[in-house]
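**Q** mmCIF, C-alpha atoms, file protein.cif:
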```
data_entry
#
loop_
_atom_site.label_atom_id
_atom_site.label_comp_id
_atom_site.auth_asym_id
_atom_site.auth_seq_id
_atom_site.Cartn_x
_atom_site.Cartn_y
_atom_site.Cartn_z
CA MET L 5 0.00 0.00 0.00
CA LEU L 6 1.16 3.50 -0.84
CA ALA L 7 0.44 6.29 1.61
CA ILE L 8 -0.14 9.91 0.60
CA VAL L 9 0.64 12.16 3.55
CA ASP L 10 -2.40 14.18 4.57
CA TYR L 11 -1.39 17.17 6.64
CA GLY L 12 -4.11 19.57 5.59
CA VAL L 13 -2.18 21.00 2.67
CA GLY L 14 -3.33 20.91 -0.93
CA ASN L 15 -5.70 19.04 -3.14
CA LEU L 16 -5.05 15.32 -3.32
CA PHE L 17 -7.73 14.44 -5.86
CA SER L 18 -5.45 14.32 -8.93
CA LEU L 19 -2.67 12.47 -7.20
CA ARG L 20 -5.02 9.75 -5.99
CA SER L 21 -6.73 9.56 -9.41
CA SER L 22 -3.44 9.23 -11.27
CA LEU L 23 -2.23 6.48 -8.94
CA LYS L 24 -5.55 4.67 -9.36
CA PHE L 25 -5.17 5.03 -13.12
CA ILE L 26 -1.84 3.18 -13.04
CA GLY L 27 -3.35 0.52 -10.78
CA VAL L 28 -1.86 1.60 -7.45
CA ASP L 29 -4.02 1.69 -4.32
CA ALA L 30 -3.27 4.67 -2.15
CA VAL L 31 -4.39 5.61 1.32
CA ILE L 32 -4.53 9.28 2.24
CA THR L 33 -3.49 9.53 5.85
CA GLY L 34 -2.01 11.68 8.55
CA GLU L 35 -1.63 8.74 10.93
CA ALA L 36 1.91 7.77 11.92
CA ALA L 37 0.95 4.07 12.17
CA GLU L 38 -0.39 4.00 8.60
CA LEU L 39 2.70 5.77 7.27
CA ARG L 40 4.89 3.22 9.06
CA ALA L 41 2.85 0.35 7.61
CA ALA L 42 2.97 1.72 4.04
CA GLU L 43 5.39 0.31 1.46
CA ARG L 44 6.10 3.77 0.09
CA ILE L 45 5.12 7.34 0.88
CA ILE L 46 4.29 10.39 -1.22
CA LEU L 47 4.53 13.82 0.39
CA PRO L 48 2.42 16.26 -1.65
CA GLY L 49 2.01 19.95 -0.96
CA VAL L 50 0.77 23.28 -2.22
CA GLY L 51 1.02 26.60 -0.44
CA ALA L 52 3.61 28.24 1.78
CA PHE L 53 6.70 26.40 3.04
CA GLY L 54 6.56 27.75 6.59
CA ASP L 55 2.93 26.76 7.13
CA ALA L 56 3.46 23.32 5.62
CA ALA L 57 6.62 22.59 7.65
CA GLU L 58 4.75 23.65 10.78
CA ALA L 59 1.75 21.49 9.85
CA LEU L 60 4.05 18.45 9.56
CA ARG L 61 5.82 19.26 12.80
CA CYS L 62 2.74 19.83 14.91
CA ARG L 63 1.40 16.43 13.78
CA GLY L 64 4.75 14.82 14.57
CA LEU L 65 4.98 13.71 10.95
CA ASP L 66 8.41 15.26 10.31
CA GLU L 67 9.97 12.69 12.63
CA VAL L 68 7.92 9.85 11.18
CA LEU L 69 9.00 10.73 7.62
CA CYS L 70 12.66 11.09 8.57
CA ARG L 71 12.63 7.77 10.39
CA GLU L 72 10.85 5.92 7.58
CA ALA L 73 13.24 7.42 5.03
CA ALA L 74 16.23 6.42 7.17
CA GLY L 75 14.81 2.89 7.28
CA GLY L 76 14.99 2.72 3.48
CA LYS L 77 11.33 3.28 2.58
CA PRO L 78 10.83 5.01 -0.79
CA LEU L 79 9.67 8.60 -0.22
CA LEU L 80 8.63 10.99 -2.98
CA GLY L 81 8.00 14.69 -2.40
CA ILE L 82 6.01 16.59 -5.02
CA CYS L 83 6.22 20.37 -5.57
CA LEU L 84 6.16 21.92 -2.09
CA GLY L 85 6.50 18.35 -0.82
CA MET L 86 9.86 18.15 -2.60
CA GLN L 87 10.97 21.51 -1.21
CA LEU L 88 10.19 20.28 2.30
CA LEU L 89 12.73 17.48 1.84
CA PHE L 90 15.56 20.02 1.58
CA GLU L 91 17.46 21.60 4.43
CA LYS L 92 16.11 25.10 4.48
CA SER L 93 13.75 27.52 2.76
CA TYR L 94 13.88 31.30 2.47
CA GLU L 95 10.19 31.64 1.57
CA TYR L 96 8.99 34.63 3.61
CA GLY L 97 11.57 34.22 6.38
CA GLU L 98 13.80 31.27 7.10
CA HIS L 99 12.36 27.84 7.73
CA ARG L 100 13.89 24.47 8.46
CA GLY L 101 13.02 21.56 6.16
CA LEU L 102 13.40 17.84 6.73
CA GLY L 103 17.03 17.86 5.59
CA LEU L 104 16.74 14.61 3.64
CA LEU L 105 18.13 16.25 0.48
CA GLU L 106 20.98 18.73 0.30
CA GLY L 107 20.16 22.24 -0.82
CA GLU L 108 18.08 25.30 -0.07
CA VAL L 109 14.83 26.73 -1.40
CA VAL L 110 14.93 30.37 -2.49
CA PRO L 111 12.52 32.81 -4.20
CA MET L 112 12.63 33.06 -7.99
CA GLN L 113 11.60 36.70 -7.68
CA GLY L 114 14.62 38.96 -8.13
CA ARG L 115 16.80 36.22 -9.62
CA LEU L 116 15.10 36.05 -13.00
CA ALA L 117 15.05 38.48 -15.90
CA PRO L 118 12.07 40.84 -15.51
CA SER L 119 10.54 39.50 -18.73
CA LEU L 120 10.01 36.08 -17.13
CA ARG L 121 6.65 35.68 -15.48
CA LEU L 122 6.11 34.37 -11.99
CA PRO L 123 4.95 31.88 -10.92
CA HIS L 124 6.83 29.56 -13.29
CA ILE L 125 3.72 27.96 -14.77
CA GLY L 126 3.67 25.57 -17.69
CA TRP L 127 5.33 22.69 -19.48
CA ASN L 128 9.10 22.72 -19.38
CA ALA L 129 11.66 20.25 -20.69
CA LEU L 130 13.54 17.93 -18.35
CA HIS L 131 17.29 17.81 -18.82
CA ILE L 132 18.57 14.68 -17.19
CA LYS L 133 21.82 15.08 -15.28
CA LYS L 134 22.25 11.57 -13.99
CA PRO L 135 20.36 8.29 -13.94
CA CYS L 136 17.56 8.19 -11.40
CA PRO L 137 15.26 5.24 -10.68
CA ILE L 138 12.07 7.33 -10.92
CA LEU L 139 13.15 8.76 -14.29
CA LYS L 140 13.95 5.40 -15.82
CA TYR L 141 11.04 5.62 -18.30
CA VAL L 142 11.67 9.30 -19.11
CA GLY L 143 13.74 10.52 -22.03
CA GLU L 144 15.86 13.64 -22.30
CA GLY L 145 13.78 16.67 -23.20
CA GLU L 146 10.37 15.29 -22.23
CA HIS L 147 8.05 17.96 -20.86
CA VAL L 148 6.48 18.10 -17.42
CA TYR L 149 4.15 20.61 -15.76
CA PHE L 150 5.51 23.13 -13.26
CA VAL L 151 3.72 25.60 -10.98
CA HIS L 152 5.94 27.32 -8.45
CA SER L 153 7.54 30.61 -7.37
CA PHE L 154 10.35 29.24 -5.21
CA PHE L 155 13.07 26.85 -6.33
CA VAL L 156 16.23 24.97 -5.48
CA PRO L 157 19.06 26.60 -7.46
CA GLY L 158 22.40 25.14 -8.38
CA GLU L 159 23.41 21.57 -8.89
CA ASN L 160 24.80 19.16 -6.37
CA GLU L 161 25.17 15.41 -6.12
CA ASN L 162 21.44 15.02 -5.38
CA THR L 163 20.42 16.73 -8.63
CA CYS L 164 18.99 14.29 -11.18
CA ALA L 165 17.19 16.58 -13.63
CA VAL L 166 16.90 20.31 -14.21
CA ALA L 167 14.67 22.62 -16.24
CA GLU L 168 15.61 25.96 -17.73
CA TYR L 169 13.62 29.03 -16.70
CA GLY L 170 16.07 31.89 -16.82
CA GLU L 171 18.10 29.87 -14.35
CA TRP L 172 18.51 26.13 -13.92
CA VAL L 173 15.70 24.91 -11.74
CA THR L 174 16.11 21.62 -9.84
CA ALA L 175 13.36 19.49 -11.33
CA THR L 176 14.18 16.11 -9.79
CA ALA L 177 16.51 15.39 -6.90
CA ALA L 178 17.28 12.10 -5.19
CA LYS L 179 19.38 10.60 -2.47
CA ASP L 180 19.16 6.84 -1.99
CA ASN L 181 15.45 6.10 -1.41
CA VAL L 182 14.36 9.77 -1.12
CA PHE L 183 13.07 11.51 -4.26
CA GLY L 184 11.69 14.94 -5.05
CA CYS L 185 9.94 16.39 -8.11
CA GLN L 186 9.46 20.14 -8.35
CA PHE L 187 6.90 19.59 -11.14
CA HIS L 188 3.58 17.76 -10.80
CA PRO L 189 3.84 14.21 -12.17
CA GLU L 190 0.11 13.79 -11.58
CA LYS L 191 -0.48 16.68 -14.04
CA SER L 192 2.24 15.85 -16.53
CA GLY L 193 0.37 13.49 -18.84
CA GLU L 194 2.03 10.22 -19.90
CA THR L 195 5.47 11.37 -18.76
CA GLY L 196 4.18 12.08 -15.28
CA LEU L 197 2.35 8.76 -15.05
CA ALA L 198 5.58 6.99 -16.08
CA ILE L 199 7.42 8.70 -13.21
CA LEU L 200 4.76 7.64 -10.71
CA ARG L 201 4.85 4.11 -12.14
CA ALA L 202 8.63 3.95 -11.72
CA PHE L 203 8.35 5.16 -8.12
CA CYS L 204 5.71 2.52 -7.38
CA GLU L 205 7.99 -0.20 -8.75
CA LEU L 206 10.75 0.60 -6.25
CA MET W 22 12.75 26.08 -22.12
CA ILE W 23 9.16 26.73 -21.20
CA THR W 24 6.72 25.99 -24.00
CA LYS W 25 3.79 27.96 -25.34
CA ARG W 26 0.58 26.33 -24.19
CA ILE W 27 -2.36 25.47 -26.43
CA ILE W 28 -5.46 25.17 -24.30
CA PRO W 29 -8.78 23.85 -25.59
CA CYS W 30 -11.73 25.56 -24.01
CA LEU W 31 -14.92 23.58 -23.52
CA ASP W 32 -18.09 25.54 -22.80
CA VAL W 33 -20.39 23.08 -21.08
CA ARG W 34 -24.14 23.49 -20.96
CA ASN W 35 -26.58 20.85 -19.83
CA GLY W 36 -23.84 18.23 -19.94
CA ARG W 37 -22.70 19.00 -23.49
CA VAL W 38 -19.92 21.08 -25.03
CA VAL W 39 -21.35 24.03 -26.94
CA LYS W 40 -19.89 26.94 -28.86
CA GLY W 41 -21.33 30.25 -29.94
CA VAL W 42 -20.36 33.16 -32.17
CA ASN W 43 -19.82 36.53 -30.48
CA PHE W 44 -21.11 34.85 -27.31
CA GLU W 45 -24.46 33.98 -28.89
CA GLY W 46 -26.10 31.28 -31.01
CA LEU W 47 -24.91 28.19 -29.15
CA ILE W 48 -24.23 25.06 -31.17
CA ASP W 49 -24.06 21.58 -29.59
CA VAL W 50 -20.64 20.02 -30.20
CA SER W 51 -19.85 16.92 -28.17
CA SER W 52 -19.55 15.10 -24.86
CA PRO W 53 -17.16 16.95 -22.54
CA VAL W 54 -15.61 13.77 -21.19
CA GLU W 55 -14.93 12.29 -24.62
CA LEU W 56 -13.74 15.57 -26.08
CA GLY W 57 -11.54 16.28 -23.05
CA LYS W 58 -9.94 12.85 -23.32
CA TYR W 59 -9.46 13.27 -27.06
CA TYR W 60 -7.70 16.63 -26.63
CA SER W 61 -5.58 15.34 -23.77
CA ASP W 62 -4.43 12.42 -25.97
CA HIS W 63 -3.77 14.76 -28.89
CA GLY W 64 -1.49 17.41 -27.47
CA ALA W 65 -3.61 19.72 -25.30
CA ASP W 66 -1.42 21.31 -22.63
CA GLU W 67 -4.31 22.05 -20.35
CA LEU W 68 -8.11 22.04 -20.47
CA VAL W 69 -10.52 24.80 -19.55
CA PHE W 70 -14.12 23.93 -18.71
CA TYR W 71 -16.60 26.77 -18.57
CA ASP W 72 -19.84 25.94 -16.84
CA ILE W 73 -22.47 27.98 -18.65
CA THR W 74 -25.38 26.30 -16.92
CA ALA W 75 -28.36 28.10 -15.59
CA SER W 76 -29.99 25.78 -13.07
CA TYR W 77 -29.07 23.81 -9.98
CA GLU W 78 -29.71 20.48 -11.75
CA GLU W 79 -27.37 21.39 -14.56
CA ARG W 80 -24.72 22.46 -12.06
CA LYS W 81 -24.83 19.03 -10.45
CA LEU W 82 -24.43 17.47 -13.88
CA PHE W 83 -21.45 19.73 -14.52
CA THR W 84 -19.63 18.71 -11.33
CA ASP W 85 -20.30 15.02 -12.12
CA ILE W 86 -18.79 15.52 -15.56
CA LEU W 87 -15.84 17.43 -14.12
CA THR W 88 -15.12 14.57 -11.72
CA GLN W 89 -15.21 12.06 -14.59
CA VAL W 90 -12.83 14.21 -16.61
CA ALA W 91 -10.44 14.73 -13.69
CA GLU W 92 -10.32 11.00 -13.00
CA THR W 93 -9.13 10.15 -16.49
CA ILE W 94 -7.12 13.15 -17.72
CA PHE W 95 -3.79 13.98 -16.15
CA ILE W 96 -3.10 17.46 -17.42
CA PRO W 97 -4.10 20.68 -15.62
CA LEU W 98 -7.79 21.48 -15.51
CA THR W 99 -9.21 24.96 -15.10
CA VAL W 100 -12.86 25.50 -14.29
CA GLY W 101 -14.83 28.66 -14.71
CA GLY W 102 -18.42 29.82 -14.89
CA GLY W 103 -20.66 30.65 -11.96
CA ILE W 104 -17.78 31.09 -9.52
CA ASN W 105 -19.05 33.65 -7.03
CA THR W 106 -17.92 32.49 -3.61
CA LEU W 107 -15.18 30.56 -1.84
CA GLU W 108 -17.69 27.70 -1.59
CA ASP W 109 -17.77 27.60 -5.40
CA PHE W 110 -13.97 27.34 -5.41
CA ASP W 111 -14.18 24.54 -2.91
CA ARG W 112 -16.85 22.69 -4.89
CA VAL W 113 -14.90 22.53 -8.16
CA LEU W 114 -11.50 21.94 -6.52
CA LYS W 115 -12.97 18.91 -4.75
CA CYS W 116 -14.09 17.59 -8.15
CA GLY W 117 -10.52 17.70 -9.39
CA ALA W 118 -10.02 21.20 -10.81
CA ASP W 119 -6.50 22.59 -10.42
CA LYS W 120 -7.31 26.21 -11.12
CA VAL W 121 -10.48 28.22 -10.89
CA SER W 122 -11.32 31.01 -13.22
CA VAL W 123 -13.30 33.99 -11.95
CA ASN W 124 -15.05 36.60 -14.07
CA SER W 125 -18.40 38.16 -13.16
CA GLY W 126 -18.03 36.91 -9.57
CA ALA W 127 -14.88 39.01 -9.17
CA ILE W 128 -16.55 42.03 -10.74
CA ARG W 129 -19.41 41.79 -8.23
CA ASN W 130 -17.06 41.14 -5.34
CA PRO W 131 -13.37 41.88 -6.03
CA ARG W 132 -12.41 40.53 -2.60
CA LEU W 133 -13.19 37.06 -3.97
CA VAL W 134 -9.82 37.23 -5.78
CA SER W 135 -7.78 38.08 -2.68
CA GLU W 136 -9.66 35.69 -0.42
CA ALA W 137 -9.29 32.80 -2.86
CA ALA W 138 -5.60 33.56 -3.44
CA GLU W 139 -5.04 33.65 0.29
CA LYS W 140 -6.82 30.34 0.81
CA TYR W 141 -5.75 28.33 -2.25
CA GLY W 142 -2.66 30.17 -3.49
CA ASP W 143 -2.16 32.60 -6.39
CA GLN W 144 -1.55 29.72 -8.81
CA CYS W 145 -5.12 28.57 -8.29
CA VAL W 146 -6.83 31.85 -9.17
CA VAL W 147 -7.24 32.69 -12.85
CA LEU W 148 -8.82 36.00 -13.77
CA SER W 149 -10.91 35.72 -16.90
CA CYS W 150 -11.79 39.02 -18.47
CA ASP W 151 -14.20 39.66 -21.36
CA ILE W 152 -13.13 42.87 -23.05
CA LYS W 153 -14.71 44.97 -25.76
CA ARG W 154 -13.77 48.31 -27.21
CA VAL W 155 -16.24 51.07 -26.35
CA ASP W 156 -15.43 54.50 -27.81
CA GLY W 157 -11.83 53.39 -28.28
CA VAL W 158 -11.42 52.25 -24.68
CA PHE W 159 -10.98 48.63 -23.54
CA ARG W 160 -13.95 47.97 -21.29
CA VAL W 161 -14.73 45.03 -19.02
CA PHE W 162 -17.96 43.23 -19.78
CA ALA W 163 -19.80 40.98 -17.35
CA LYS W 164 -22.36 38.18 -17.57
CA GLY W 165 -20.89 36.37 -20.54
CA GLY W 166 -20.22 39.58 -22.43
CA ARG W 167 -23.77 40.93 -22.17
CA GLU W 168 -23.25 43.76 -19.71
CA ASP W 169 -20.89 46.73 -19.95
CA THR W 170 -19.47 47.32 -16.47
CA GLY W 171 -18.05 50.70 -17.46
CA MET W 172 -14.68 49.66 -16.00
CA GLU W 173 -11.47 50.20 -17.94
CA ALA W 174 -9.98 46.75 -18.56
CA ILE W 175 -6.23 47.23 -18.04
CA SER W 176 -6.60 48.86 -14.64
CA TRP W 177 -9.11 46.16 -13.61
CA ILE W 178 -6.68 43.40 -14.60
CA CYS W 179 -3.78 45.10 -12.76
CA ARG W 180 -5.93 45.41 -9.66
CA CYS W 181 -6.84 41.71 -9.73
CA VAL W 182 -3.21 40.66 -10.23
CA GLU W 183 -2.24 42.78 -7.24
CA MET W 184 -4.94 40.99 -5.26
CA GLY W 185 -3.44 37.62 -6.17
CA ALA W 186 -4.71 36.43 -9.57
CA GLY W 187 -1.96 34.08 -10.79
CA GLU W 188 -2.92 34.03 -14.49
CA VAL W 189 -5.09 36.15 -16.75
CA VAL W 190 -7.27 34.97 -19.62
CA VAL W 191 -8.02 37.83 -22.00
CA ASN W 192 -11.08 37.20 -24.12
CA SER W 193 -11.70 39.77 -26.81
CA ILE W 194 -15.42 40.04 -27.49
CA ASP W 195 -14.54 42.00 -30.62
CA THR W 196 -12.79 38.99 -32.16
CA ASP W 197 -14.55 36.06 -30.38
CA GLY W 198 -15.91 33.42 -32.73
CA VAL W 199 -15.18 35.57 -35.79
CA LYS W 200 -12.07 33.51 -36.65
CA GLY W 201 -10.18 36.51 -37.98
CA GLY W 202 -7.21 36.05 -35.65
CA PHE W 203 -6.42 37.02 -32.07
CA ASP W 204 -6.83 40.60 -30.86
CA ILE W 205 -3.13 41.47 -30.94
CA GLU W 206 -3.56 45.09 -29.94
CA MET W 207 -5.64 44.26 -26.86
CA LEU W 208 -3.37 41.37 -25.84
CA LYS W 209 -0.24 43.51 -26.17
CA ALA W 210 -1.74 46.08 -23.85
CA VAL W 211 -2.51 43.47 -21.20
CA ARG W 212 0.83 41.67 -21.59
CA ALA W 213 2.70 44.93 -21.03
CA ALA W 214 0.70 45.74 -17.90
CA VAL W 215 1.16 42.60 -15.77
CA ASN W 216 3.91 40.09 -14.91
CA VAL W 217 1.80 36.94 -14.55
CA PRO W 218 1.10 34.50 -17.39
CA VAL W 219 -1.43 35.80 -19.93
CA ILE W 220 -3.61 33.51 -22.02
CA ALA W 221 -5.02 34.80 -25.29
CA SER W 222 -8.60 34.00 -26.17
CA GLY W 223 -11.03 34.87 -28.91
CA GLY W 224 -10.54 34.94 -32.63
CA ALA W 225 -8.37 31.99 -33.63
CA GLY W 226 -9.59 30.80 -37.05
CA LYS W 227 -6.57 28.99 -38.42
CA ALA W 228 -3.28 27.53 -37.21
CA GLU W 229 -1.40 30.56 -38.58
CA ASP W 230 -3.24 32.78 -36.10
CA PHE W 231 -1.30 31.11 -33.27
CA VAL W 232 1.99 31.75 -35.08
CA THR W 233 1.02 35.42 -35.47
CA LEU W 234 0.07 35.60 -31.79
CA PHE W 235 3.41 34.31 -30.49
CA ARG W 236 5.43 36.19 -33.15
CA GLU W 237 3.76 39.51 -32.47
CA ILE W 238 3.81 39.01 -28.69
CA PRO W 239 6.74 36.72 -27.83
CA ASP W 240 5.97 37.01 -24.10
CA MET W 241 2.43 35.68 -24.52
CA ASP W 242 2.18 32.41 -22.60
CA ALA W 243 -0.72 30.51 -24.07
CA GLY W 244 -3.56 30.53 -26.57
CA LEU W 245 -7.07 29.30 -25.94
CA ALA W 246 -8.87 27.46 -28.73
CA ALA W 247 -12.49 26.47 -29.05
CA SER W 248 -14.45 26.54 -32.31
CA ILE W 249 -11.31 26.21 -34.43
CA ILE W 250 -10.60 22.76 -33.00
CA HIS W 251 -14.05 21.55 -31.89
CA PHE W 252 -15.29 21.40 -35.46
CA GLY W 253 -12.18 19.56 -36.59
CA GLU W 254 -11.05 22.31 -38.96
CA VAL W 255 -7.59 22.28 -37.42
CA SER W 256 -6.05 19.88 -34.90
CA ILE W 257 -3.91 20.82 -31.91
CA GLY W 258 -1.15 18.75 -33.50
CA GLU W 259 -1.30 20.86 -36.66
CA ILE W 260 -1.17 24.08 -34.65
CA LYS W 261 1.81 22.84 -32.67
CA SER W 262 3.69 21.52 -35.72
CA LEU W 263 3.30 24.87 -37.40
CA LEU W 264 4.49 26.68 -34.26
CA LEU W 265 7.53 24.41 -34.05
CA LYS W 266 8.31 25.01 -37.73
CA ASN W 267 8.37 28.71 -36.86
CA ASN W 268 10.79 28.11 -33.97
CA ILE W 269 8.16 28.66 -31.31
CA PRO W 270 8.70 26.13 -28.50
CA VAL W 271 5.84 23.71 -27.88
CA ARG W 272 5.38 20.36 -26.17
CA LEU W 273 4.71 17.61 -28.70
#
```
Would you put the structure from the file into structure tokens?
**A**
Amino acid sequence: MLAIVDYGVGNLFSLRSSLKFIGVDAVITGEAAELRAAERIILPGVGAFGDAAEALRCRGLDEVLCREAAGGKPLLGICLGMQLLFEKSYEYGEHRGLGLLEGEVVPMQGRLAPSLRLPHIGWNALHIKKPCPILKYVGEGEHVYFVHSFFVPGENENTCAVAEYGEWVTATAAKDNVFGCQFHPEKSGETGLAILRAFCEL
Amino acid sequence: MITKRIIPCLDVRNGRVVKGVNFEGLIDVSSPVELGKYYSDHGADELVFYDITASYEERKLFTDILTQVAETIFIPLTVGGGINTLEDFDRVLKCGADKVSVNSGAIRNPRLVSEAAEKYGDQCVVLSCDIKRVDGVFRVFAKGGREDTGMEAISWICRCVEMGAGEVVVNSIDTDGVKGGFDIEMLKAVRAAVNVPVIASGGAGKAEDFVTLFREIPDMDAGLAASIIHFGEVSIGEIKSLLLKNNIPVRL
């Protein structure tokens, strides 16, 4: 069973539908016991980093996720869920993340040419930097759907794929069994479904 | 590189996709679920569903259809039509919409934009604006283009973006359904005024019109298409191939 973390953030309809479409049963839960029992976990998220990090913390889910990840369970963060996996975010202040991936989340505002619109909304090409288990069915240059105003800049050893939007945006990052997608696989057509399928095969 | 989006727009009434000319004379086209699936399989980057229903029963039918679409199509879905309150946002988001487009509801109560952006995020709130030239001025029209609000359009759009609208759909009543091409002059004026994505609507009659749109306004983000593709005159694939041939980036 796959567990989608429910911590009061975001709309989980599409994620659940897309998993159902590829034949994967998912439970939406905020219960530590169910997350521990799950074979793999998806951490979704829309909204502000600080609020989301706090929502995880006050439910005690930050510890649960870190422990499950340390135990080797596949964990996938999507959009804000990916950003939460990093060490720190500078979205309206300074907030601590789960620290499962190396890097920091910063505003796109002020770093991009003024002609580029924010949020970064739309289909952008993935440029694959290194092999990654969840990208095994994805080819160089395939498009995925992004919606975000904050990003993880720069490349490090966790970076698996980037997208170009004025700067290089971390699109997929991974470390061992922990994965993050800045884009929305559940909204990225066939390419997105292939990424979810690959994650569910881990 | 980010691609230019081609977005089919499905006006849904009484459970069917319909299309009119200059906002009138509605013609029955197809089943929204089938048509949505078809477009999704044939290159649509996003889908917009406008609920142009009049009664409670029809509204229920619309949300049932929306749920069916959202369960089978994994590209972004925007829903508009009859969005007047936060409860309306909630209703369509629960059926699987990703973004909600507001028009007359925002004109009646501009705070709807800021309240929705606060609750669901800027990315969720799309301002849709029906604009027509009156005495040489771009004016905002309400109620499906039937009522002149007297408001100047550019300042209205800027105000909504300041309140948190994350994207703007500009629908030119002057060119809608006429198939003579997009309203480049109007779109340029809006594009220059705001820094959020702008989606062009109204007037596409042939694939070349999309090339003209993105050539004339390179910073335009997306084009909406309805009658041009619903009647099978041009396919999304043909539009995108032509764009690509003209070095305009698209997702194939």
**Q** What residues in chain W lie within 9 Å of chain L, counting only C-alpha atoms, written as a PyMOL selection string?
**A** chain W and resi 22-26+61-62+66+91-98+114-119+140-144+187-188+215-218+240+242+271-273
**Q** Export, as a PDB file, in the coordinates of the input, the selected residues with C-alpha atoms.
**A**
```pdb
ATOM      1  CA  MET W  22      12.750  26.080 -22.120  1.00  0.00           C
ATOM      2  CA  ILE W  23       9.160  26.730 -21.200  1.00  0.00           C
ATOM      3  CA  THR W  24       6.720  25.990 -24.000  1.00  0.00           C
ATOM      4  CA  LYS W  25       3.790  27.960 -25.340  1.00  0.00           C
ATOM      5  CA  ARG W  26       0.580  26.330 -24.190  1.00  0.00           C
ATOM      6  CA  SER W  61      -5.580  15.340 -23.770  1.00  0.00           C
ATOM      7  CA  ASP W  62      -4.430  12.420 -25.970  1.00  0.00           C
ATOM      8  CA  ASP W  66      -1.420  21.310 -22.630  1.00  0.00           C
ATOM      9  CA  ALA W  91     -10.440  14.730 -13.690  1.00  0.00           C
ATOM     10  CA  GLU W  92     -10.320  11.000 -13.000  1.00  0.00           C
ATOM     11  CA  THR W  93      -9.130  10.150 -16.490  1.00  0.00           C
ATOM     12  CA  ILE W  94      -7.120  13.150 -17.720  1.00  0.00           C
ATOM     13  CA  PHE W  95      -3.790  13.980 -16.150  1.00  0.00           C
ATOM     14  CA  ILE W  96      -3.100  17.460 -17.420  1.00  0.00           C
ATOM     15  CA  PRO W  97      -4.100  20.680 -15.620  1.00  0.00           C
ATOM     16  CA  LEU W  98      -7.790  21.480 -15.510  1.00  0.00           C
ATOM     17  CA  LEU W 114     -11.500  21.940  -6.520  1.00  0.00           C
ATOM     18  CA  LYS W 115     -12.970  18.910  -4.750  1.00  0.00           C
ATOM     19  CA  CYS W 116     -14.090  17.590  -8.150  1.00  0.00           C
ATOM     20  CA  GLY W 117     -10.520  17.700  -9.390  1.00  0.00           C
ATOM     21  CA  ALA W 118     -10.020  21.200 -10.810  1.00  0.00           C
ATOM     22  CA  ASP W 119      -6.500  22.590 -10.420  1.00  0.00           C
ATOM     23  CA  LYS W 140      -6.820  30.340   0.810  1.00  0.00           C
ATOM     24  CA  TYR W 141      -5.750  28.330  -2.250  1.00  0.00           C
ATOM     25  CA  GLY W 142      -2.660  30.170  -3.490  1.00  0.00           C
ATOM     26  CA  ASP W 143      -2.160  32.600  -6.390  1.00  0.00           C
ATOM     27  CA  GLN W 144      -1.550  29.720  -8.810  1.00  0.00           C
ATOM     28  CA  GLY W 187      -1.960  34.080 -10.790  1.00  0.00           C
ATOM     29  CA  GLU W 188      -2.920  34.030 -14.490  1.00  0.00           C
ATOM     30  CA  VAL W 215       1.160  42.600 -15.770  1.00  0.00           C
ATOM     31  CA  ASN W 216       3.910  40.090 -14.910  1.00  0.00           C
ATOM     32  CA  VAL W 217       1.800  36.940 -14.550  1.00  0.00           C
ATOM     33  CA  PRO W 218       1.100  34.500 -17.390  1.00  0.00           C
ATOM     34  CA  ASP W 240       5.970  37.010 -24.100  1.00  0.00           C
ATOM     35  CA  ASP W 242       2.180  32.410 -22.600  1.00  0.00           C
ATOM     36  CA  VAL W 271       5.840  23.710 -27.880  1.00  0.00           C
ATOM     37  CA  ARG W 272       5.380  20.360 -26.170  1.00  0.00           C
ATOM     38  CA  LEU W 273       4.710  17.610 -28.700  1.00  0.00           C
TER      39      LEU W 273
END
```
**Q** Counting only C-alpha atoms, which of L:Leu200, L:Ala36, L:Val68, L:Leu104 gets nearest to Val142 in chain L?
**A**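 Using only C-alpha atoms, the shortest distance to Val142 in chain L belongs to L:Leu200.
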**Q** Give me the result of the PyMOL selection byres ((chain L and resi 56) around 9) on this file, residue by residue, as a list in words.
**A**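 After applying the PyMOL selection byres ((chain L and resi 56) around 9), what remains is Tyr11, Gly12, Val13, Gly49, Val50, Gly51, Ala52, Phe53, Gly54, Asp55, Ala57, Glu58, Ala59, Leu60, Arg61, Leu84, Gly85 and Leu88 of chain L.
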**Q** For this file, the PyMOL selection byres ((chain L and resi 40) around 10) selects which residues, as a list in words?
**A**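 On the file shown, the PyMOL selection byres ((chain L and resi 40) around 10) covers Ala7, Glu35, Ala36, Ala37, Glu38, Leu39, Ala41, Ala42, Glu43, Arg44, Ile45, Val68, Leu69, Arg71, Glu72 and Lys77 of chain L.
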**Q** Got a sec to resolve the PyMOL selection byres ((chain W and resi 151) around 12) on this structure and send the residues as a PyMOL selection string?
**A** chain W and resi 43-44+123-125+128+148-150+152-154+159-170+172-175+177-178+189-197+207-208+221-223
**Q** (1.4, 32.5, -34.3) in this file's frame - what residues fall within 12 Å of it? Use only C-alpha atoms and give the answer as JSON, numbers by chain.
**A** {"W": [25, 26, 27, 202, 203, 205, 221, 225, 226, 227, 228, 229, 230, 231, 232, 233, 234, 235, 236, 237, 238, 239, 241, 242, 243, 244, 260, 261, 262, 263, 264, 265, 266, 267, 268, 269, 270, 271]}
**Q** Write out as a VMD selection string the residues lying within 9 Å of Val90 in chain W, counting all atoms listed in the file and excluding same-chain residues fewer than 6 positions away.
**A** chain W and resid 53 to 55 57 to 58 98 117
